[in-house]
Amino acid sequence: MENILSQEKLHELKTLLDDCTKVVISAHVSPDGDAIGSSLAMANYLRRKGKQVTVAMPNIFPDFLKWMPGADSILVYTRQQEQAKAAVAQADLIIICDLNQPSRLSGLEETVMASQAPRILIDHHLDPAYFCQLTVSQPDMCATGEVICHLLHQLGELGSISQDEAVCLYAAMMCDTGAFSFNSSRPVIYECISQLLARGIDKDQIYRNVFYTASEGRLRLQGYLLYVNMKVLHNYHTTIITLTNEERRRFNVKNGDTEGLVNIPLQILGMRLSIFINEDTEHPGTMKLSLRSVDDFPCDQMASRFFGGGGHKNASGGKLVCTMQEACKTVQKAVESFSEMLK
Ligand code: 5GP
Ligand code: MN
């Protein structure tokens, strides 16, 4: 295991954790498995230490994460604004997981930034903004869940965490690595997993809980998107999939049904970049883009130059306020401008 904090920072972390009584934990908007898993791992850990903990997410999270220990008590800001604001106002410590800039807290940003409570950021995205008293940023790590494993190790606690905490940490790492199929070659990841397995978790059950819970609608939607909507730009080794709200209604698409679909076209031999343009359900007329690549193609650079977003080298995203047709044109331009790297 790695000691990621200096002695001074470790002392700071211990003091912040010892001195708090009411903690709020949050993560990025449209929380994924790492956002929910790392937040709930911290929540379960701190509750076991006798702290009063509220987990508040900026908006809804997918159904396939609802089995996670502690997920049933998560506050969703877009649905429980007053409760979430009250929890933040009363907190004497705020822990923020899996994001690198406060704007990723979406509606919660203002309340969190206005609070006088100290903040801790625990994250693995590139280029963190420094808006917290303590910033634990580890861009080489596969997931925020992994960062927390190392923190618990350094606190001398990893060997004695509960099974619930271990389940959340494993799920966080599993989700951000496609079940350890990408961004997961550092040997120390498997030292973390070894420690988590030793807590008695059932990793095969966790895999099924996340990946084998599709609805009939999701599978049919997947078939439709791949058969009808997928464009393959063979010259650029790139695929584009689109999904409008009109199509969502037609297929009765539920929250979470599109999660992970962007990865599928990369199964085509030779493809290097997959782009999914997804009309925002909460803001019709806004197109959300998800990018996934293999090897060295820098999705984050494309996302920041063309889609007002960012992310990781192989997984990033952004937004365009325009029609689907216009979004497709912008994507085409983006692909052409990166043609040297894609051909
Ligand atoms: P997803 O495609 O799963 O929505 O997002 C993949 C990754 O891209 C996220 O983990 C996040 O790092 C990044 N990302 C997605 N949307 C945005 C965005 O609007 N802005 C920024 N800066 N990053 C984003
Ligand atoms: Mn993550």
# chains A, B, ... in the order shown; residues from 1 in each chain; ligands from 1
$ residues_near_ligand --ligand "ligand 1" --cutoff "9 Å" --atoms "only C-alpha atoms and all ligand atoms" --output "ChimeraX atom specification"
/A:28-32,34-35,98-101,103-104,125-126,176,259-260,262,275-276,288-292,299-300,303-304,307-312,314-319
$ select_by_dssp --residues "stretch 89-173 of chain A" --states "helix (DSSP H, G or I)" --output "number ranges by chain"
A: 89-90, 102-114, 144-154, 158-160, 163-173
$ closest_atom_pairs --of "stretch 225-261 of chain A" --to "stretch 332-338 of chain A" --cutoff "10 Å" --atoms "only C-alpha atoms" --output "CSV"
residue,atom,partner,partner_atom,distance
A:Leu233,CA,A:Val335,CA,9.3
A:Tyr236,CA,A:Val335,CA,7.3
A:His237,CA,A:Val335,CA,9.7
A:Thr238,CA,A:Val335,CA,7.9
A:Ile240,CA,A:Gln332,CA,9.3
$ write_last_selection --atoms "all heavy atoms" --output "PDB file, in the first residue's frame"
ATOM      1  N   LEU A 233     -17.120   6.111 -38.192  1.00  0.00           N
ATOM      2  CA  LEU A 233     -16.222   6.889 -39.056  1.00  0.00           C
ATOM      3  C   LEU A 233     -14.933   6.073 -39.205  1.00  0.00           C
ATOM      4  O   LEU A 233     -13.993   6.256 -38.429  1.00  0.00           O
ATOM      5  CB  LEU A 233     -15.936   8.264 -38.441  1.00  0.00           C
ATOM      6  CG  LEU A 233     -17.152   9.086 -37.994  1.00  0.00           C
ATOM      7  CD1 LEU A 233     -16.718  10.418 -37.380  1.00  0.00           C
ATOM      8  CD2 LEU A 233     -18.106   9.339 -39.167  1.00  0.00           C
ATOM      9  N   TYR A 236     -11.481   7.573 -39.198  1.00  0.00           N
ATOM     10  CA  TYR A 236     -11.027   8.195 -37.953  1.00  0.00           C
ATOM     11  C   TYR A 236     -11.057   7.211 -36.772  1.00  0.00           C
ATOM     12  O   TYR A 236     -10.818   7.611 -35.642  1.00  0.00           O
ATOM     13  CB  TYR A 236     -11.882   9.415 -37.629  1.00  0.00           C
ATOM     14  CG  TYR A 236     -11.827  10.499 -38.682  1.00  0.00           C
ATOM     15  CD1 TYR A 236     -12.905  10.731 -39.527  1.00  0.00           C
ATOM     16  CD2 TYR A 236     -10.693  11.290 -38.814  1.00  0.00           C
ATOM     17  CE1 TYR A 236     -12.853  11.730 -40.491  1.00  0.00           C
ATOM     18  CE2 TYR A 236     -10.627  12.283 -39.777  1.00  0.00           C
ATOM     19  CZ  TYR A 236     -11.708  12.504 -40.614  1.00  0.00           C
ATOM     20  OH  TYR A 236     -11.656  13.494 -41.562  1.00  0.00           O
ATOM     21  N   HIS A 237     -11.393   5.957 -37.065  1.00  0.00           N
ATOM     22  CA  HIS A 237     -11.468   4.950 -35.992  1.00  0.00           C
ATOM     23  C   HIS A 237     -12.329   5.444 -34.844  1.00  0.00           C
ATOM     24  O   HIS A 237     -11.977   5.299 -33.670  1.00  0.00           O
ATOM     25  CB  HIS A 237     -10.065   4.567 -35.508  1.00  0.00           C
ATOM     26  CG  HIS A 237      -9.191   4.104 -36.633  1.00  0.00           C
ATOM     27  ND1 HIS A 237      -8.132   4.842 -37.107  1.00  0.00           N
ATOM     28  CD2 HIS A 237      -9.260   3.000 -37.409  1.00  0.00           C
ATOM     29  CE1 HIS A 237      -7.572   4.213 -38.122  1.00  0.00           C
ATOM     30  NE2 HIS A 237      -8.246   3.089 -38.336  1.00  0.00           N
ATOM     31  N   THR A 238     -13.450   6.061 -35.238  1.00  0.00           N
ATOM     32  CA  THR A 238     -14.322   6.708 -34.258  1.00  0.00           C
ATOM     33  C   THR A 238     -15.767   6.285 -34.489  1.00  0.00           C
ATOM     34  O   THR A 238     -16.192   6.098 -35.631  1.00  0.00           O
ATOM     35  CB  THR A 238     -14.215   8.251 -34.422  1.00  0.00           C
ATOM     36  OG1 THR A 238     -12.886   8.653 -34.093  1.00  0.00           O
ATOM     37  CG2 THR A 238     -15.201   8.992 -33.533  1.00  0.00           C
ATOM     38  N   ILE A 240     -19.936   7.229 -33.339  1.00  0.00           N
ATOM     39  CA  ILE A 240     -20.811   8.224 -32.715  1.00  0.00           C
ATOM     40  C   ILE A 240     -22.188   7.600 -32.529  1.00  0.00           C
ATOM     41  O   ILE A 240     -22.747   7.012 -33.459  1.00  0.00           O
ATOM     42  CB  ILE A 240     -20.941   9.479 -33.611  1.00  0.00           C
ATOM     43  CG1 ILE A 240     -19.558  10.092 -33.885  1.00  0.00           C
ATOM     44  CG2 ILE A 240     -21.858  10.512 -32.965  1.00  0.00           C
ATOM     45  CD1 ILE A 240     -19.554  11.110 -35.013  1.00  0.00           C
TER      46      ILE A 240
END
$ atom_distance --atom1 "atom CA of A:Phe297" --atom2 "atom CA of A:His124"
18.9 Å
$ closest_residue --among "A:Leu320, A:Ile96, A:Ile268, A:Leu221" --to "A:Arg249" --atoms "only C-alpha atoms"
A:Leu221
$ closest_residue --among "A:Ala129, A:Met173, A:Ile264, A:Leu134" --to "A:Ile36" --atoms "only C-alpha atoms"
A:Met173
$ closest_residue --among "A:Leu226, A:Leu158, A:Cys175, A:Leu65" --to "ligand 2" --atoms "only C-alpha atoms and all ligand atoms"
A:Cys175
$ closest_residue --among "A:Ala179, A:Leu16, A:Ala27, A:Leu46" --to "A:Val76" --atoms "only C-alpha atoms"
A:Ala27
$ atom_distance --atom1 "atom CA of A:Ile122" --atom2 "atom CA of A:Gly33"
15.1 Å
$ closest_residue --among "A:Cys322, A:Lys254, A:Val210, A:Asp295" --to "A:His283" --atoms "only C-alpha atoms"
A:Cys322
$ closest_residue --among "A:Asn44, A:Asn278, A:Ser137, A:Gln83" --to "ligand 2" --atoms "only C-alpha atoms and all ligand atoms"
A:Ser137
$ select_by_dssp --residues "stretch 42-210 of chain A" --states "strand (DSSP E)" --output "list in words"
Gln52, Val53, Thr54, Val55, Ala56, Met57, Leu75, Val76, Leu93, Ile94, Ile95, Ile96, Cys97, Arg119, Ile120, Leu121, Ile122, Asp123, Leu134, Thr135, Val136 and Ser137 of chain A
$ atom_distance --atom1 "atom CA of A:Ser185" --atom2 "atom CA of A:Thr258"
26.8 Å
$ residues_around --residues "A:Met230" --least-positions-apart "4" --cutoff "9 Å" --atoms "only C-alpha atoms" --output "PyMOL selection string"
chain A and resi 224-226+239-242+265
$ write_last_selection --atoms "N, CA, C and O atoms" --output "tab-separated table (two decimals), in the first residue's frame"
chain	number	residue	atom	x	y	z
A	224	TYR	N	-31.16	-1.06	-30.45
A	224	TYR	CA	-31.58	0.01	-31.36
A	224	TYR	C	-30.44	0.99	-31.61
A	224	TYR	O	-30.15	1.34	-32.76
A	225	LEU	N	-29.78	1.42	-30.52
A	225	LEU	CA	-28.71	2.43	-30.68
A	225	LEU	C	-27.58	1.87	-31.54
A	225	LEU	O	-27.03	2.58	-32.38
A	226	LEU	N	-27.23	0.62	-31.35
A	226	LEU	CA	-26.13	0.04	-32.12
A	226	LEU	C	-26.53	-0.24	-33.56
A	226	LEU	O	-25.77	-0.04	-34.50
A	239	THR	N	-16.52	6.13	-33.41
A	239	THR	CA	-17.96	5.86	-33.52
A	239	THR	C	-18.73	6.96	-32.82
A	239	THR	O	-18.26	7.54	-31.86
A	240	ILE	N	-19.94	7.23	-33.34
A	240	ILE	CA	-20.81	8.22	-32.71
A	240	ILE	C	-22.19	7.60	-32.53
A	240	ILE	O	-22.75	7.01	-33.46
A	241	ILE	N	-22.71	7.71	-31.31
A	241	ILE	CA	-24.09	7.26	-31.04
A	241	ILE	C	-24.87	8.46	-30.54
A	241	ILE	O	-24.37	9.25	-29.75
A	242	THR	N	-26.12	8.58	-30.99
A	242	THR	CA	-26.97	9.69	-30.52
A	242	THR	C	-28.20	9.11	-29.84
A	242	THR	O	-28.66	8.00	-30.16
A	265	PRO	N	-19.10	0.46	-28.43
A	265	PRO	CA	-18.52	0.51	-29.79
A	265	PRO	C	-17.02	0.28	-29.82
A	265	PRO	O	-16.48	-0.11	-30.87
